[in-house]
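Engineer: Have a look at this one before I ask anything.
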Amino acid sequence: MFTRRRPRLVALLLSAVLSATAGATPPGSHPPAAPASPLAKPMPAASSAEDDRAAEDSANLSASARRIYDIGRPRLLQVRTLLRDQDSQASVGSGSLVGPDGLILTNYHVISQVALEPQRYRLNFQTVDGVTGALQLVAFDVVHDLALVRMAKPGPGVAARGQFEFRPAATPLAQGERIFSLGNPLDVGFVVVEGTYNGLVERSFLPQILFSGSLNPGMSGGPVLDDRGHIVGVNVATRRGSQQISFLVPAEFAQALIARSAQAKPITGPVEAEMARQLLAHQQQLTSRFVALPWRETKHAHYSVPVPQEDFMRCWGSSNPSESKGLSFERSDCQMDTAIYINEVLRTGDLAVRHEVYDGSKLGALRFAQEAGQSFRNEGMGRRTHDLTAPKCQEDFVESAGLPMRTVMCLRAYRRLPGLYDVAVLSQSVDAKTEGVQGRFDARGVSFENAMLLARHYLQGFAWKRSP
Amino acid sequence: METLALIETLDRDGQPRQVLRVSQWPVRIGRAIDCDLVLDDPHVAAHHATLALRDDGVHVEPAASLNGVRLGRAVIAPGSTPVLSSSSTLTVGATTLRVRLAGEVLAPEQRLLDLLQYERRHAVTLMGLIVVAALWQAFSLWLASVPGAQGSAVALNYLSAPIGLVVWCALWAIGSMIFQRRFAFWAHLYVALKWLLIAVVTQAAAGQLAFALSLPFIDKLGRIVFVAAIAMMVWRHLGLLMPSRRRAFAIAIGSAVAVSGGLLLIDRGMQQQPLIGDLYLGTISLPGVRIARTVSADAFVKSAAPLEKTLARWAKPGDDDDAAEVGGDDD
């Protein structure tokens, strides 16, 4: 009966399939607003003194945006993924020069096609002044969605372009500070976008900067600069169906990646083993933090249900109308906001915990059993795909703290990332004739050992409560 | 006078239209009125063939004709005069003749499929089946409904299955009309209801039992019984149409089920799906139905350890990497 939400973050990669219509509608976004939106109406005329001050302020602001763009201009690039055998572009993103000899910082998801299928794709860059050339993949941090690429044949002019500096960690930004995002949205041209730094996104397992400014597909991987032109973050994603809710990878992860890998040789072989290593490290951290947290108290009279703390998850509740004549239920749906981008269809490295509490007193025992079974059967466990095997399940009656349940645990292995699994645990109480609880726990991209650990932790969160 | 043979002129349904008692040989066959067997068939010559007695039996002696003579299925070659065996069929022009000779061994008497008797014999059982099916249908609809659901919608749901059944049986009865000259609706209704009920009730019972004992394979067995019962039903319907072909129908249905079942199993195996039934047992029953004991969360998780091996095998890079993309995104 659960419905699964689609991932709500949209990565800012602009792929060629979408670019045909990109001029009118950015992929993953709503149709353009009607021209006569109330927000666009001219403000009523203000007094002349205010007018002057406003004009002066806006001149300053616009001057700083221009200055930032001037700083960024020589070091800003578009990163293109081209088909191996022809010049058609499959997707485009942005990047910034961050080292000598043409070292470029961008997003992992901008270069993911090349990383995963080098036999089909290659990388290319174009600077603002029109210089183009081939790129080589140097390193990536799939968890934070970052990558380093290097110009294959850095021309003599590269050194003259200089490189971006990073804002020192000792001087953190304050909320409300103006920052500037650079990139090439929708392949229409290089732009500078002013916006506001609003701290880190709350309750996010992977730190992300909340940027109040408009990011669009194609800007992925572009640098975000403070008013001195130092990098504070990297464009990465925007929230679907929102206004100016955009996300940046904090600069510290980019600096760490550069420190680690600036001298590395270009990657020529398969990347899956390294990717799996990074994801295994991530899931180890995530699992240990998750199982260290106690479950929250639930208010139900008879059931204790595992509901996670909201440290790095968000929970949404719903229920059906009380006048409903059939099964009444209350639902809780907890998910992590951040999922790790692997390829166009595969996201991983996150957890979800959901449950529904059923009251079937209006239905009677037989019809309640029927409805409960329907709900239990309806759960999707997935099929074999390009990236994952089909699910394989274990099922039994499980008892936790006096509560007997019908429990199914299904696992799927990653076909290209050795050692990683998706696990789903579905459990429904079978203790009462006209009431019950059904819970589901999902973890994506965990080791087998941690899948077992999480499943045990989850099942042990159920309990039967004696009525007060 | 002694009857030496019977020559029957058959119509297109194989029933005799004209019978000639032969009391002396030879018998001349043709369109001319001086023939012993005169055929009004424009594809027959004036003197088309002669049946003549020789020492070793009755021979067919074709005369010169445009269309020739067939004995059984074989065309008689010019100049050849084959001997007739018992109950031979001759084709002259467009006319089929059956020649029966005196003294030939008769096939044993066959039991009559008397559809009227069949329906009478099963009348009481049929009434019982109708009552049980109506109750079953009412119960399943009640189970799936919520209190105060719209009556008309429920009634429509209730009626759709019986209407489908009536149409199904009427189509078979039309088949009986063609092959047995009788619109045997009740006989087909008896067959359909009996096997459908066996199929549906077994499957439901298997689900409940599988839940009670926590043995999902019982549910899978129930599905096999379901398919077998449906195959049985079709075989019985066909048997009512052509009782003499039951063996052939059994072979045909058996091999159809085996071939399609085999293909399905291969496909499911390639998709790494369970060969029979669902991924997991979907039946939830009343608390009192459960007989199987519970295990602790820890023991349950430990029991899942073998999954790792299976998944490792499934995840192994194969040569069907691209074929597997049909699964698509599963989110």
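Each chain of the structure tokens is named A, B, ... in the order shown, its residues numbered from 1; ligands are numbered from 1 in display order.
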Find the residues of chain A that sit at most 6 Å from chain B; for each, write down the nearest two atoms and how far apart they are in Å, to one decimal. Count only C-alpha atoms. Sort by chain, then by number going up, and give it as a tab-separated table.
Structural biologist:
residue	atom	partner	partner_atom	distance
A:Lys325	CA	B:Pro147	CA	5.8
A:Gly326	CA	B:Val146	CA	4.9
A:Arg367	CA	B:Leu143	CA	4.9
A:Ala369	CA	B:Ser285	CA	5.3
A:Gly373	CA	B:Ile284	CA	4.5
A:Arg377	CA	B:Gly282	CA	4.6
A:Gly382	CA	B:Asp330	CA	5.2
A:Arg384	CA	B:Gly327	CA	5.7
A:Thr385	CA	B:Gly327	CA	4.9
A:His386	CA	B:Glu325	CA	5.0
A:Thr389	CA	B:Ala315	CA	5.9
A:Ala390	CA	B:Gln272	CA	5.6
A:Gln394	CA	B:Ala304	CA	5.8
A:Phe397	CA	B:Thr294	CA	4.7
A:Val398	CA	B:Val295	CA	4.8
A:Glu399	CA	B:Ser296	CA	5.3
A:Ala413	CA	B:Leu311	CA	5.8
A:Arg415	CA	B:Ala315	CA	4.5
A:Val430	CA	B:Pro287	CA	5.5
A:Asp431	CA	B:Pro287	CA	5.6
A:Arg456	CA	B:Ala297	CA	5.8
A:Leu459	CA	B:Ala297	CA	6.0
Engineer: Just write the chosen residues, N, CA and C atoms, as a PDB file, in the first residue's frame.
Structural biologist:
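out.pdb was written with the following content:
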ATOM      1  N   LYS A 325     -15.331   4.104   5.584  1.00  0.00           N
ATOM      2  CA  LYS A 325     -16.073   2.931   6.060  1.00  0.00           C
ATOM      3  C   LYS A 325     -15.214   1.682   6.060  1.00  0.00           C
ATOM      4  N   GLY A 326     -14.102   1.736   5.387  1.00  0.00           N
ATOM      5  CA  GLY A 326     -13.275   0.534   5.293  1.00  0.00           C
ATOM      6  C   GLY A 326     -12.139   0.575   6.295  1.00  0.00           C
ATOM      7  N   ARG A 367     -12.527  -9.710   6.653  1.00  0.00           N
ATOM      8  CA  ARG A 367     -12.235  -8.684   5.645  1.00  0.00           C
ATOM      9  C   ARG A 367     -10.969  -7.928   5.993  1.00  0.00           C
ATOM     10  N   ALA A 369      -8.346  -9.299   7.408  1.00  0.00           N
ATOM     11  CA  ALA A 369      -7.244 -10.170   6.977  1.00  0.00           C
ATOM     12  C   ALA A 369      -7.035 -10.045   5.468  1.00  0.00           C
ATOM     13  N   GLY A 373      -3.682  -8.583   3.820  1.00  0.00           N
ATOM     14  CA  GLY A 373      -2.940  -9.405   2.865  1.00  0.00           C
ATOM     15  C   GLY A 373      -2.697  -8.651   1.570  1.00  0.00           C
ATOM     16  N   ARG A 377       0.903  -7.957  -0.024  1.00  0.00           N
ATOM     17  CA  ARG A 377       1.235  -8.448  -1.369  1.00  0.00           C
ATOM     18  C   ARG A 377       1.682  -7.338  -2.306  1.00  0.00           C
ATOM     19  N   GLY A 382      11.070  -4.902  -6.810  1.00  0.00           N
ATOM     20  CA  GLY A 382      11.934  -4.627  -7.952  1.00  0.00           C
ATOM     21  C   GLY A 382      12.196  -5.869  -8.791  1.00  0.00           C
ATOM     22  N   ARG A 384      15.048  -7.518 -11.967  1.00  0.00           N
ATOM     23  CA  ARG A 384      16.415  -7.459 -12.466  1.00  0.00           C
ATOM     24  C   ARG A 384      16.537  -6.285 -13.440  1.00  0.00           C
ATOM     25  N   THR A 385      17.578  -5.486 -13.266  1.00  0.00           N
ATOM     26  CA  THR A 385      17.816  -4.355 -14.161  1.00  0.00           C
ATOM     27  C   THR A 385      19.256  -4.411 -14.645  1.00  0.00           C
ATOM     28  N   HIS A 386      19.612  -3.384 -15.382  1.00  0.00           N
ATOM     29  CA  HIS A 386      20.981  -3.252 -15.869  1.00  0.00           C
ATOM     30  C   HIS A 386      21.961  -3.214 -14.695  1.00  0.00           C
ATOM     31  N   THR A 389      20.609  -7.097  -9.576  1.00  0.00           N
ATOM     32  CA  THR A 389      20.022  -8.413  -9.799  1.00  0.00           C
ATOM     33  C   THR A 389      18.555  -8.364  -9.383  1.00  0.00           C
ATOM     34  N   ALA A 390      17.834  -9.444  -9.686  1.00  0.00           N
ATOM     35  CA  ALA A 390      16.470  -9.576  -9.179  1.00  0.00           C
ATOM     36  C   ALA A 390      16.564  -9.750  -7.661  1.00  0.00           C
ATOM     37  N   GLN A 394      13.885 -13.880   1.901  1.00  0.00           N
ATOM     38  CA  GLN A 394      13.770 -14.817   3.013  1.00  0.00           C
ATOM     39  C   GLN A 394      12.497 -14.424   3.753  1.00  0.00           C
ATOM     40  N   PHE A 397       7.756 -16.234  10.136  1.00  0.00           N
ATOM     41  CA  PHE A 397       7.100 -15.521  11.232  1.00  0.00           C
ATOM     42  C   PHE A 397       8.189 -15.104  12.208  1.00  0.00           C
ATOM     43  N   VAL A 398       8.240 -13.818  12.491  1.00  0.00           N
ATOM     44  CA  VAL A 398       9.276 -13.295  13.373  1.00  0.00           C
ATOM     45  C   VAL A 398       8.595 -12.682  14.587  1.00  0.00           C
ATOM     46  N   GLU A 399       9.158 -12.898  15.758  1.00  0.00           N
ATOM     47  CA  GLU A 399       8.587 -12.280  16.950  1.00  0.00           C
ATOM     48  C   GLU A 399       9.593 -11.316  17.540  1.00  0.00           C
ATOM     49  N   ALA A 413      21.632  -7.632  -5.365  1.00  0.00           N
ATOM     50  CA  ALA A 413      23.055  -7.306  -5.436  1.00  0.00           C
ATOM     51  C   ALA A 413      23.290  -6.346  -6.598  1.00  0.00           C
ATOM     52  N   ARG A 415      25.155  -5.349  -9.757  1.00  0.00           N
ATOM     53  CA  ARG A 415      25.813  -6.205 -10.729  1.00  0.00           C
ATOM     54  C   ARG A 415      27.176  -5.666 -11.142  1.00  0.00           C
ATOM     55  N   VAL A 430       0.775 -10.073  13.031  1.00  0.00           N
ATOM     56  CA  VAL A 430      -0.278 -11.076  12.851  1.00  0.00           C
ATOM     57  C   VAL A 430      -0.831 -11.480  14.220  1.00  0.00           C
ATOM     58  N   ASP A 431      -0.922 -10.490  15.119  1.00  0.00           N
ATOM     59  CA  ASP A 431      -1.350 -10.827  16.477  1.00  0.00           C
ATOM     60  C   ASP A 431      -2.830 -10.574  16.710  1.00  0.00           C
ATOM     61  N   ARG A 456      18.148  -6.513  11.346  1.00  0.00           N
ATOM     62  CA  ARG A 456      17.944  -6.933  12.733  1.00  0.00           C
ATOM     63  C   ARG A 456      17.551  -5.724  13.587  1.00  0.00           C
ATOM     64  N   LEU A 459      13.900  -4.832  12.793  1.00  0.00           N
ATOM     65  CA  LEU A 459      12.894  -5.767  13.305  1.00  0.00           C
ATOM     66  C   LEU A 459      12.811  -5.696  14.824  1.00  0.00           C
TER      67      LEU A 459
END
Engineer: Going by DSSP on the backbone, which residues of stretch 9-73 of chain B come out as strand (DSSP E)? List them as a VMD selection string.
Structural biologist: chain B and resid 9 to 10 16 to 22 27 to 30 37 to 38 49 to 54 57 to 62 69 to 71
Engineer: Between A:Val345, A:Leu257, A:Ala432, A:Leu426, which one has atoms that come closest to A:Ala11, using only C-alpha atoms?
Structural biologist: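 Selected residue with least distance to A:Ala11: A:Val345.
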Engineer: For A:Ser361, work out the shell of residues within 8 Å, counting only C-alpha atoms and skipping chain neighbours fewer than 4 positions away, then give it as a VMD selection string.
Structural biologist: chain A and resid 327 365 434 to 435
Engineer: Just want the 7 Å neighbourhood of stretch 144-148 of chain A, counted on only C-alpha atoms, with same-chain residues fewer than 5 positions away dropped. Output as a PDB file with C-alpha atoms, in the first residue's frame.
Structural biologist:
ATOM      1  CA  LEU A 103      43.164  20.611 -13.807  1.00  0.00           C
ATOM      2  CA  ILE A 104      39.388  21.089 -13.775  1.00  0.00           C
ATOM      3  CA  LEU A 105      36.844  20.567 -10.996  1.00  0.00           C
ATOM      4  CA  THR A 106      33.340  19.445 -11.927  1.00  0.00           C
ATOM      5  CA  ASN A 107      30.573  17.094 -10.722  1.00  0.00           C
ATOM      6  CA  TYR A 108      30.844  13.347 -10.894  1.00  0.00           C
ATOM      7  CA  HIS A 109      27.430  13.232 -12.561  1.00  0.00           C
ATOM      8  CA  LEU A 137      39.312  11.761 -16.102  1.00  0.00           C
ATOM      9  CA  VAL A 138      41.680  12.040 -13.147  1.00  0.00           C
ATOM     10  CA  ALA A 139      39.661  11.269  -9.998  1.00  0.00           C
ATOM     11  CA  VAL A 249      28.742  20.783  -2.644  1.00  0.00           C
ATOM     12  CA  ALA A 254      36.543  19.604  -3.484  1.00  0.00           C
TER      13      ALA A 254
END
Engineer: List as a PyMOL selection string the protein and nucleic acid residues near A:Phe180, meaning an atom at most 12 Å away when only C-alpha atoms are counted, but skip any in the same chain fewer than 3 places from it.
Structural biologist: chain A and resi 61-62+64-69+71-72+177+183+191-197+211-215+222-235+248
Engineer: For the selection you just gave me, I'd like the residues written to a file as a PDB file, in the first residue's frame, keeping C-alpha atoms.
Structural biologist:
ATOM      1  CA  LEU A  61      25.701  44.904  -6.603  1.00  0.00           C
ATOM      2  CA  SER A  62      25.745  44.710 -10.315  1.00  0.00           C
ATOM      3  CA  SER A  64      30.338  43.118  -7.958  1.00  0.00           C
ATOM      4  CA  ALA A  65      28.620  40.499 -10.099  1.00  0.00           C
ATOM      5  CA  ARG A  66      30.480  41.916 -13.089  1.00  0.00           C
ATOM      6  CA  ARG A  67      33.755  41.853 -11.194  1.00  0.00           C
ATOM      7  CA  ILE A  68      33.171  38.233 -10.128  1.00  0.00           C
ATOM      8  CA  TYR A  69      32.399  37.232 -13.673  1.00  0.00           C
ATOM      9  CA  ILE A  71      37.583  37.029 -12.358  1.00  0.00           C
ATOM     10  CA  GLY A  72      35.897  33.792 -13.319  1.00  0.00           C
ATOM     11  CA  GLU A 177      26.019  36.606   2.357  1.00  0.00           C
ATOM     12  CA  GLY A 183      28.047  28.016 -15.336  1.00  0.00           C
ATOM     13  CA  VAL A 191      26.147  33.193 -16.942  1.00  0.00           C
ATOM     14  CA  VAL A 192      26.710  34.516 -13.467  1.00  0.00           C
ATOM     15  CA  VAL A 193      23.836  34.018 -11.019  1.00  0.00           C
ATOM     16  CA  GLU A 194      23.623  36.000  -7.803  1.00  0.00           C
ATOM     17  CA  GLY A 195      22.198  34.308  -4.780  1.00  0.00           C
ATOM     18  CA  THR A 196      22.391  33.983  -1.040  1.00  0.00           C
ATOM     19  CA  TYR A 197      24.318  31.612   1.173  1.00  0.00           C
ATOM     20  CA  PHE A 211      21.889  28.336  -2.084  1.00  0.00           C
ATOM     21  CA  SER A 212      18.982  30.665  -2.677  1.00  0.00           C
ATOM     22  CA  GLY A 213      19.475  31.336  -6.359  1.00  0.00           C
ATOM     23  CA  SER A 214      18.376  29.877  -9.632  1.00  0.00           C
ATOM     24  CA  LEU A 215      20.443  26.979 -10.858  1.00  0.00           C
ATOM     25  CA  GLY A 222      30.311  25.164 -12.102  1.00  0.00           C
ATOM     26  CA  PRO A 223      32.002  27.073  -9.258  1.00  0.00           C
ATOM     27  CA  VAL A 224      30.199  29.222  -6.704  1.00  0.00           C
ATOM     28  CA  LEU A 225      32.287  32.183  -5.582  1.00  0.00           C
ATOM     29  CA  ASP A 226      32.275  34.606  -2.689  1.00  0.00           C
ATOM     30  CA  ASP A 227      32.669  38.343  -3.274  1.00  0.00           C
ATOM     31  CA  ARG A 228      36.434  37.934  -3.567  1.00  0.00           C
ATOM     32  CA  GLY A 229      36.119  35.338  -6.281  1.00  0.00           C
ATOM     33  CA  HIS A 230      37.092  32.389  -4.077  1.00  0.00           C
ATOM     34  CA  ILE A 231      35.295  29.076  -4.475  1.00  0.00           C
ATOM     35  CA  VAL A 232      32.828  28.282  -1.677  1.00  0.00           C
ATOM     36  CA  GLY A 233      30.974  25.447  -3.360  1.00  0.00           C
ATOM     37  CA  VAL A 234      30.124  23.601  -6.556  1.00  0.00           C
ATOM     38  CA  ASN A 235      26.719  23.688  -8.285  1.00  0.00           C
ATOM     39  CA  LEU A 248      26.009  23.195  -3.605  1.00  0.00           C
TER      40      LEU A 248
END
Engineer: Using atom CA of A:Leu12 and atom CA of A:Glu272 as the two end points, give the distance in Å to one decimal.
Structural biologist: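 Interatomic distance, atom CA of A:Leu12 to atom CA of A:Glu272: 22.8 Å.
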